[in-house]
$ cat data.tsv   # TSV, C-alpha atoms
chain	number	residue	atom	x	y	z
A	1	MET	CA	23.51	-8.20	-28.51
A	2	GLY	CA	25.85	-9.35	-25.76
A	3	PRO	CA	25.16	-11.82	-22.97
A	4	MET	CA	22.55	-10.94	-20.36
A	5	SER	CA	23.73	-9.41	-17.11
A	6	ASN	CA	22.95	-11.11	-13.83
A	7	VAL	CA	20.33	-8.44	-13.08
A	8	GLU	CA	18.68	-9.09	-16.44
A	9	ARG	CA	18.61	-12.81	-15.74
A	10	VAL	CA	17.02	-12.19	-12.34
A	11	ALA	CA	14.44	-9.92	-13.98
A	12	GLN	CA	13.68	-12.53	-16.63
A	13	TYR	CA	13.24	-15.21	-13.98
A	14	ASN	CA	11.07	-12.95	-11.88
A	15	GLN	CA	8.85	-12.08	-14.84
A	16	ARG	CA	8.18	-15.78	-15.33
A	17	GLN	CA	7.23	-16.02	-11.67
A	18	GLN	CA	4.89	-13.05	-12.02
A	19	ASP	CA	3.23	-14.67	-15.01
A	20	ALA	CA	2.82	-17.90	-13.06
A	21	PHE	CA	1.35	-15.98	-10.12
A	22	ALA	CA	-1.24	-14.49	-12.47
A	23	ALA	CA	-2.49	-18.06	-12.87
A	24	SER	CA	-2.89	-18.61	-9.11
A	25	ARG	CA	-6.34	-19.56	-7.88
A	26	LEU	CA	-6.93	-16.06	-6.53
A	27	CYS	CA	-6.07	-14.34	-9.79
A	28	ARG	CA	-8.08	-16.80	-11.86
A	29	LEU	CA	-11.05	-16.38	-9.52
A	30	LEU	CA	-11.15	-12.61	-9.95
A	31	ALA	CA	-10.41	-12.76	-13.68
A	32	ASP	CA	-13.44	-14.99	-14.19
A	33	ASN	CA	-16.43	-12.89	-15.26
A	34	ALA	CA	-18.70	-15.51	-13.69
A	35	THR	CA	-17.39	-14.80	-10.18
A	36	ASP	CA	-20.25	-13.26	-8.22
A	37	ALA	CA	-20.32	-10.20	-5.98
A	38	ALA	CA	-20.42	-12.23	-2.76
A	39	THR	CA	-17.19	-14.00	-3.66
A	40	LYS	CA	-15.49	-10.75	-4.63
A	41	ALA	CA	-16.56	-9.24	-1.31
A	42	ALA	CA	-15.15	-12.26	0.50
A	43	VAL	CA	-11.84	-11.86	-1.31
A	44	ARG	CA	-11.53	-8.34	0.08
A	45	THR	CA	-12.40	-9.60	3.56
A	46	TRP	CA	-9.54	-12.12	3.43
A	47	LEU	CA	-7.15	-9.65	1.86
A	48	GLN	CA	-7.45	-7.62	5.07
A	49	PRO	CA	-5.29	-9.83	7.34
A	50	TRP	CA	-2.63	-9.95	4.64
A	51	SER	CA	-2.76	-6.18	4.19
A	52	ASP	CA	-2.46	-5.72	7.96
A	53	ALA	CA	0.52	-8.10	8.05
A	54	PHE	CA	2.22	-6.22	5.23
A	55	GLN	CA	2.31	-3.13	7.43
A	56	ARG	CA	4.22	-5.14	10.04
A	57	MET	CA	6.62	-6.44	7.39
A	58	ILE	CA	7.69	-3.07	6.06
A	59	THR	CA	8.19	-1.78	9.61
A	60	VAL	CA	10.33	-4.78	10.54
A	61	ARG	CA	12.51	-4.17	7.50
A	62	VAL	CA	13.21	-0.61	8.60
A	63	GLU	CA	13.98	-1.72	12.15
A	64	ALA	CA	16.37	-4.44	10.98
A	65	GLU	CA	18.26	-2.48	8.32
A	66	THR	CA	21.64	-1.00	9.27
A	67	ASP	CA	23.02	-0.13	5.83
A	68	PRO	CA	22.38	3.63	5.36
A	69	GLN	CA	21.43	3.39	1.67
A	70	LEU	CA	19.12	0.43	2.12
A	71	ARG	CA	17.62	1.84	5.29
A	72	ALA	CA	16.75	5.06	3.46
A	73	GLN	CA	15.03	3.01	0.78
A	74	ALA	CA	13.19	0.93	3.37
A	75	ILE	CA	11.95	4.09	5.11
A	76	GLU	CA	10.78	5.54	1.80
A	77	HIS	CA	8.94	2.32	1.00
A	78	ARG	CA	7.35	2.15	4.45
A	79	ASP	CA	6.23	5.76	4.33
A	80	GLU	CA	4.66	5.37	0.89
A	81	GLU	CA	2.77	2.24	1.99
A	82	LEU	CA	1.79	3.49	5.44
A	83	ASP	CA	-1.81	2.79	6.50
A	84	HIS	CA	-2.88	1.29	3.17
A	85	ASN	CA	-4.51	-1.47	5.21
A	86	LEU	CA	-6.79	1.20	6.68
A	87	LEU	CA	-7.68	2.26	3.15
A	88	LEU	CA	-8.80	-1.31	2.46
A	89	ALA	CA	-10.76	-1.42	5.72
A	90	ARG	CA	-12.59	1.79	4.83
A	91	SER	CA	-13.27	0.49	1.35
A	92	ARG	CA	-14.74	-2.71	2.75
A	93	THR	CA	-16.91	-0.79	5.20
A	94	SER	CA	-18.26	1.51	2.50
A	95	ALA	CA	-19.07	-1.55	0.40
A	96	GLY	CA	-21.16	-3.01	3.22
A	97	ASP	CA	-18.75	-5.50	4.80
A	98	PRO	CA	-19.79	-5.52	8.48
A	99	HIS	CA	-16.50	-6.98	9.72
A	100	ALA	CA	-14.39	-4.02	10.77
A	101	GLU	CA	-11.61	-6.24	12.12
A	102	ALA	CA	-9.61	-8.69	10.06
A	103	GLY	CA	-10.35	-12.37	10.32
A	104	PHE	CA	-7.73	-14.89	11.38
A	105	ASP	CA	-6.47	-17.59	9.06
A	106	PRO	CA	-3.49	-19.76	10.06
A	107	VAL	CA	-2.22	-20.20	6.50
A	108	ILE	CA	-2.25	-16.49	5.75
A	109	GLU	CA	-0.59	-15.78	9.10
A	110	ALA	CA	2.07	-18.44	8.50
A	111	GLY	CA	2.92	-16.98	5.11
A	112	ALA	CA	3.07	-13.49	6.57
A	113	ALA	CA	5.33	-14.74	9.36
A	114	TRP	CA	7.72	-16.26	6.80
A	115	PHE	CA	8.12	-12.90	5.08
A	116	THR	CA	8.38	-11.00	8.35
A	117	GLU	CA	11.14	-13.30	9.57
A	118	GLY	CA	12.98	-12.97	6.27
A	119	LEU	CA	12.76	-9.20	6.41
A	120	ARG	CA	14.29	-9.38	9.88
A	121	LEU	CA	17.07	-11.91	9.27
A	122	GLN	CA	18.13	-11.67	5.62
A	123	SER	CA	20.99	-9.51	4.42
A	124	GLY	CA	20.16	-5.99	3.31
A	125	VAL	CA	19.99	-7.08	-0.31
A	126	GLY	CA	17.91	-10.09	0.69
A	127	ARG	CA	15.47	-7.81	2.46
A	128	ALA	CA	15.21	-5.63	-0.64
A	129	VAL	CA	14.60	-8.71	-2.78
A	130	LEU	CA	11.78	-9.89	-0.53
A	131	ALA	CA	10.20	-6.45	-0.23
A	132	HIS	CA	10.40	-5.37	-3.85
A	133	LEU	CA	11.00	-8.34	-6.14
A	134	ALA	CA	8.62	-10.68	-4.32
A	135	LEU	CA	6.01	-8.74	-2.32
A	136	GLU	CA	5.75	-5.76	-4.65
A	137	ALA	CA	6.08	-7.88	-7.78
A	138	ALA	CA	3.17	-10.01	-6.61
A	139	ALA	CA	1.19	-6.89	-5.74
A	140	SER	CA	1.90	-5.32	-9.13
A	141	THR	CA	0.75	-8.48	-10.88
A	142	PHE	CA	-2.37	-8.81	-8.77
A	143	PHE	CA	-3.52	-5.20	-8.77
A	144	SER	CA	-2.68	-4.14	-12.32
A	145	ARG	CA	-3.67	-7.31	-14.15
A	146	ILE	CA	-6.51	-8.57	-11.97
A	147	GLY	CA	-7.56	-6.30	-9.11
A	148	VAL	CA	-8.38	-3.08	-10.92
A	149	PRO	CA	-10.56	-4.77	-13.58
A	150	ALA	CA	-12.33	-6.79	-10.86
A	151	TYR	CA	-12.90	-3.75	-8.60
A	152	PRO	CA	-13.00	-0.81	-11.04
A	153	ASP	CA	-14.44	1.71	-8.57
A	154	ASP	CA	-12.36	0.77	-5.53
A	155	VAL	CA	-9.83	3.41	-4.48
A	156	TYR	CA	-7.67	0.84	-2.64
A	157	PHE	CA	-7.10	-1.15	-5.83
A	158	ALA	CA	-6.64	1.94	-7.99
A	159	HIS	CA	-4.00	3.33	-5.63
A	160	HIS	CA	-1.92	0.17	-5.69
A	161	ASP	CA	-2.11	-0.07	-9.45
A	162	GLU	CA	-0.27	3.24	-9.61
A	163	ALA	CA	2.32	2.64	-6.87
A	164	ASP	CA	3.44	-0.98	-7.10
A	165	ALA	CA	5.33	-0.85	-10.41
A	166	GLU	CA	7.58	1.86	-9.01
A	167	HIS	CA	8.16	-0.13	-5.83
A	168	LEU	CA	9.07	-3.20	-7.90
A	169	GLU	CA	11.71	-1.23	-9.77
A	170	MET	CA	13.33	-0.29	-6.44
A	171	GLY	CA	14.47	-3.90	-6.09
A	172	TYR	CA	16.21	-4.00	-9.45
A	173	GLN	CA	17.84	-0.68	-8.65
A	174	VAL	CA	19.40	-2.24	-5.55
A	175	LEU	CA	20.78	-5.15	-7.57
A	176	ARG	CA	22.23	-2.84	-10.21
A	177	GLU	CA	23.95	-0.62	-7.64
A	178	ARG	CA	25.40	-3.27	-5.33
A	179	ALA	CA	27.84	-6.15	-5.63
A	180	ASP	CA	27.20	-7.91	-2.30
A	181	TRP	CA	24.90	-10.58	-3.74
A	182	THR	CA	25.02	-13.58	-6.04
A	183	GLU	CA	22.55	-14.62	-8.69
A	184	GLU	CA	22.19	-18.04	-7.10
A	185	GLN	CA	21.29	-16.55	-3.70
A	186	VAL	CA	18.71	-14.18	-5.16
A	187	LEU	CA	17.05	-16.79	-7.37
A	188	SER	CA	16.82	-19.25	-4.48
A	189	LEU	CA	15.25	-16.63	-2.23
A	190	LEU	CA	12.79	-15.63	-4.95
A	191	ASP	CA	11.86	-19.25	-5.59
A	192	HIS	CA	10.92	-19.71	-1.94
A	193	ALA	CA	9.14	-16.34	-1.76
A	194	TRP	CA	6.95	-17.04	-4.79
A	195	GLN	CA	5.96	-20.42	-3.38
A	196	VAL	CA	4.81	-18.71	-0.19
A	197	MET	CA	3.01	-15.93	-2.10
A	198	THR	CA	1.13	-18.48	-4.19
A	199	MET	CA	0.16	-20.41	-1.06
A	200	ILE	CA	-1.27	-17.23	0.45
A	201	ALA	CA	-3.13	-16.27	-2.72
A	202	ASP	CA	-4.61	-19.74	-3.07
A	203	ARG	CA	-5.72	-19.67	0.55
A	204	ILE	CA	-7.47	-16.31	0.13
A	205	ALA	CA	-9.31	-17.72	-2.87
A	206	ASP	CA	-10.31	-20.87	-1.00
A	207	ARG	CA	-11.61	-18.90	2.00
A	208	ALA	CA	-13.54	-16.53	-0.23
A	209	ILE	CA	-15.20	-19.33	-2.19
A	210	SER	CA	-16.08	-21.22	0.98
A	211	ASP	CA	-17.51	-18.18	2.75
A	212	ALA	CA	-19.52	-17.07	-0.27
A	213	ILE	CA	-21.06	-20.53	-0.57
A	214	GLU	CA	-21.99	-20.58	3.11
A	215	THR	CA	-23.51	-17.07	3.05
A	216	PRO	CA	-24.57	-16.42	-0.54
A	217	HIS	CA	-26.84	-13.49	0.34
A	218	ALA	CA	-24.80	-11.80	3.05
A	219	SER	CA	-21.38	-10.46	3.76
A	220	VAL	CA	-18.84	-13.11	4.60
A	221	PRO	CA	-18.23	-14.25	8.20
A	222	ARG	CA	-14.82	-14.25	9.83
A	223	GLN	CA	-14.89	-17.55	11.69
A	224	THR	CA	-11.64	-19.46	11.93
A	225	ARG	CA	-11.37	-22.86	10.36

$ encode --input "data.tsv" --output "structure tokens"
Amino acid sequence: MGPMSNVERVAQYNQRQQDAFAASRLCRLLADNATDAATKAAVRTWLQPWSDAFQRMITVRVEAETDPQLRAQAIEHRDEELDHNLLLARSRTSAGDPHAEAGFDPVIEAGAAWFTEGLRLQSGVGRAVLAHLALEAAASTFFSRIGVPAYPDDVYFAHHDEADAEHLEMGYQVLRERADWTEEQVLSLLDHAWQVMTMIADRIADRAISDAIETPHASVPRQTR
């Protein structure tokens, strides 16, 4: 077997990051069979502002992209993800969450803003890396390994389990087809992106635990801390 290609090395690095993300506080919280229903409901409540922000991110990528090939991919990705935040909102409502609107959390918003800015200002390949090798890789890890088992009857989680692996592969396809990137640039960007993703996941877990403790017999409130 010959030496690994730069794409293979990126994929190997990213797999390690996905495995580490599976050990984030959010993933460990939902993987724990002792986590109660109130906490799981609170997790969905605090996933909502992130899901809403993701819709803004994929739109910004389309608006910023000028490369025809990458813009076509960005449009395809946006169209396939369109209104999934509304699917989560409907799922929460049907499960009895009275909060139709998303709550505000400054940490979640700051993390979302970091990704949104990157999807506006990075190169085309950098935008693809953020969208597919960071955001979709994190989603694939969360939904397939953790989310579906934790919410087995939730259509929002089931839908993402099916779609996110394909969206992750889009990122590697870009790297295989293009030469306008370096391994060092991609790994540095991924390192930063995974730090931000873990910060967001940990914050969602912390908010869910706090809210479930404060209101153990009711749906979680949306007050800002």

$ residues_near_point --input "data.tsv" --point "(3.6, 1.3, 8.4)" --cutoff "8 Å" --atoms "only C-alpha atoms" --output "short mmCIF file (atom, residue, chain, number, x, y, z; two decimals) with C-alpha atoms, keeping the file's coordinate frame"
data_model
loop_
_atom_site.label_atom_id
_atom_site.label_comp_id
_atom_site.auth_asym_id
_atom_site.auth_seq_id
_atom_site.Cartn_x
_atom_site.Cartn_y
_atom_site.Cartn_z
CA GLN A 55 2.31 -3.13 7.43
CA ARG A 56 4.22 -5.14 10.04
CA ILE A 58 7.69 -3.07 6.06
CA THR A 59 8.19 -1.78 9.61
CA ARG A 78 7.35 2.15 4.45
CA ASP A 79 6.23 5.76 4.33
CA GLU A 81 2.77 2.24 1.99
CA LEU A 82 1.79 3.49 5.44
CA ASP A 83 -1.81 2.79 6.50
#

$ atom_distance --input "data.tsv" --atom1 "CA of Arg28 in chain A" --atom2 "CA of Ser51 in chain A"
20.0 Å

$ closest_residue --input "data.tsv" --among "A:Val196, A:Leu119, A:Leu190, A:Leu130" --to "Val62 in chain A" --atoms "all atoms listed in the file"
A:Leu119

$ closest_residue --input "data.tsv" --among "A:Phe54, A:Gln69, A:Gly118, A:Thr45" --to "Arg92 in chain A" --atoms "only C-alpha atoms"
A:Thr45

$ atom_distance --input "data.tsv" --atom1 "CA of Ile213 in chain A" --atom2 "CA of Phe157 in chain A"
24.5 Å

$ atom_distance --input "data.tsv" --atom1 "CA of Leu86 in chain A" --atom2 "CA of Gly147 in chain A"
17.5 Å

$ residues_near_point --input "data.tsv" --point "(2.0, -5.9, -9.1)" --cutoff "12 Å" --atoms "all atoms listed in the file" --output "ChimeraX atom specification"
/A:14-15,17-19,21-22,27,132-148,157-169

$ write_last_selection --input "data.tsv" --atoms "C-alpha atoms" --output "compact mmCIF listing (two decimals), keeping the file's coordinate frame"
# COMPACT_ATOMS: atom_id res chain seq x y z
CA ASN A 14 11.07 -12.95 -11.88
CA GLN A 15 8.85 -12.08 -14.84
CA GLN A 17 7.23 -16.02 -11.67
CA GLN A 18 4.89 -13.05 -12.02
CA ASP A 19 3.23 -14.67 -15.01
CA PHE A 21 1.35 -15.98 -10.12
CA ALA A 22 -1.24 -14.49 -12.47
CA CYS A 27 -6.07 -14.34 -9.79
CA HIS A 132 10.40 -5.37 -3.85
CA LEU A 133 11.00 -8.34 -6.14
CA ALA A 134 8.62 -10.68 -4.32
CA LEU A 135 6.01 -8.74 -2.32
CA GLU A 136 5.75 -5.76 -4.65
CA ALA A 137 6.08 -7.88 -7.78
CA ALA A 138 3.17 -10.01 -6.61
CA ALA A 139 1.19 -6.89 -5.74
CA SER A 140 1.90 -5.32 -9.13
CA THR A 141 0.75 -8.48 -10.88
CA PHE A 142 -2.37 -8.81 -8.77
CA PHE A 143 -3.52 -5.20 -8.77
CA SER A 144 -2.68 -4.14 -12.32
CA ARG A 145 -3.67 -7.31 -14.15
CA ILE A 146 -6.51 -8.57 -11.97
CA GLY A 147 -7.56 -6.30 -9.11
CA VAL A 148 -8.38 -3.08 -10.92
CA PHE A 157 -7.10 -1.15 -5.83
CA ALA A 158 -6.64 1.94 -7.99
CA HIS A 159 -4.00 3.33 -5.63
CA HIS A 160 -1.92 0.17 -5.69
CA ASP A 161 -2.11 -0.07 -9.45
CA GLU A 162 -0.27 3.24 -9.61
CA ALA A 163 2.32 2.64 -6.87
CA ASP A 164 3.44 -0.98 -7.10
CA ALA A 165 5.33 -0.85 -10.41
CA GLU A 166 7.58 1.86 -9.01
CA HIS A 167 8.16 -0.13 -5.83
CA LEU A 168 9.07 -3.20 -7.90
CA GLU A 169 11.71 -1.23 -9.77

$ closest_residue --input "data.tsv" --among "A:Gln48, A:Ala201, A:Arg61, A:Pro152" --to "Ala131 in chain A" --atoms "all atoms listed in the file"
A:Arg61

$ axis_aligned_box --input "data.tsv" --around "range 35-50 of chain A" --padding-each-side "8 Å" --output "JSON"
{"center_x": -11.5, "center_y": -11.2, "center_z": -1.4, "size_x": 33.8, "size_y": 23.2, "size_z": 33.5}

$ closest_residue --input "data.tsv" --among "A:Met57, A:Met170, A:Ala150, A:Leu175" --to "Asp32 in chain A" --atoms "only C-alpha atoms"
A:Ala150

$ closest_residue --input "data.tsv" --among "A:Ala212, A:Ala179, A:Val125, A:Val186" --to "Gln73 in chain A" --atoms "all atoms listed in the file"
A:Val125
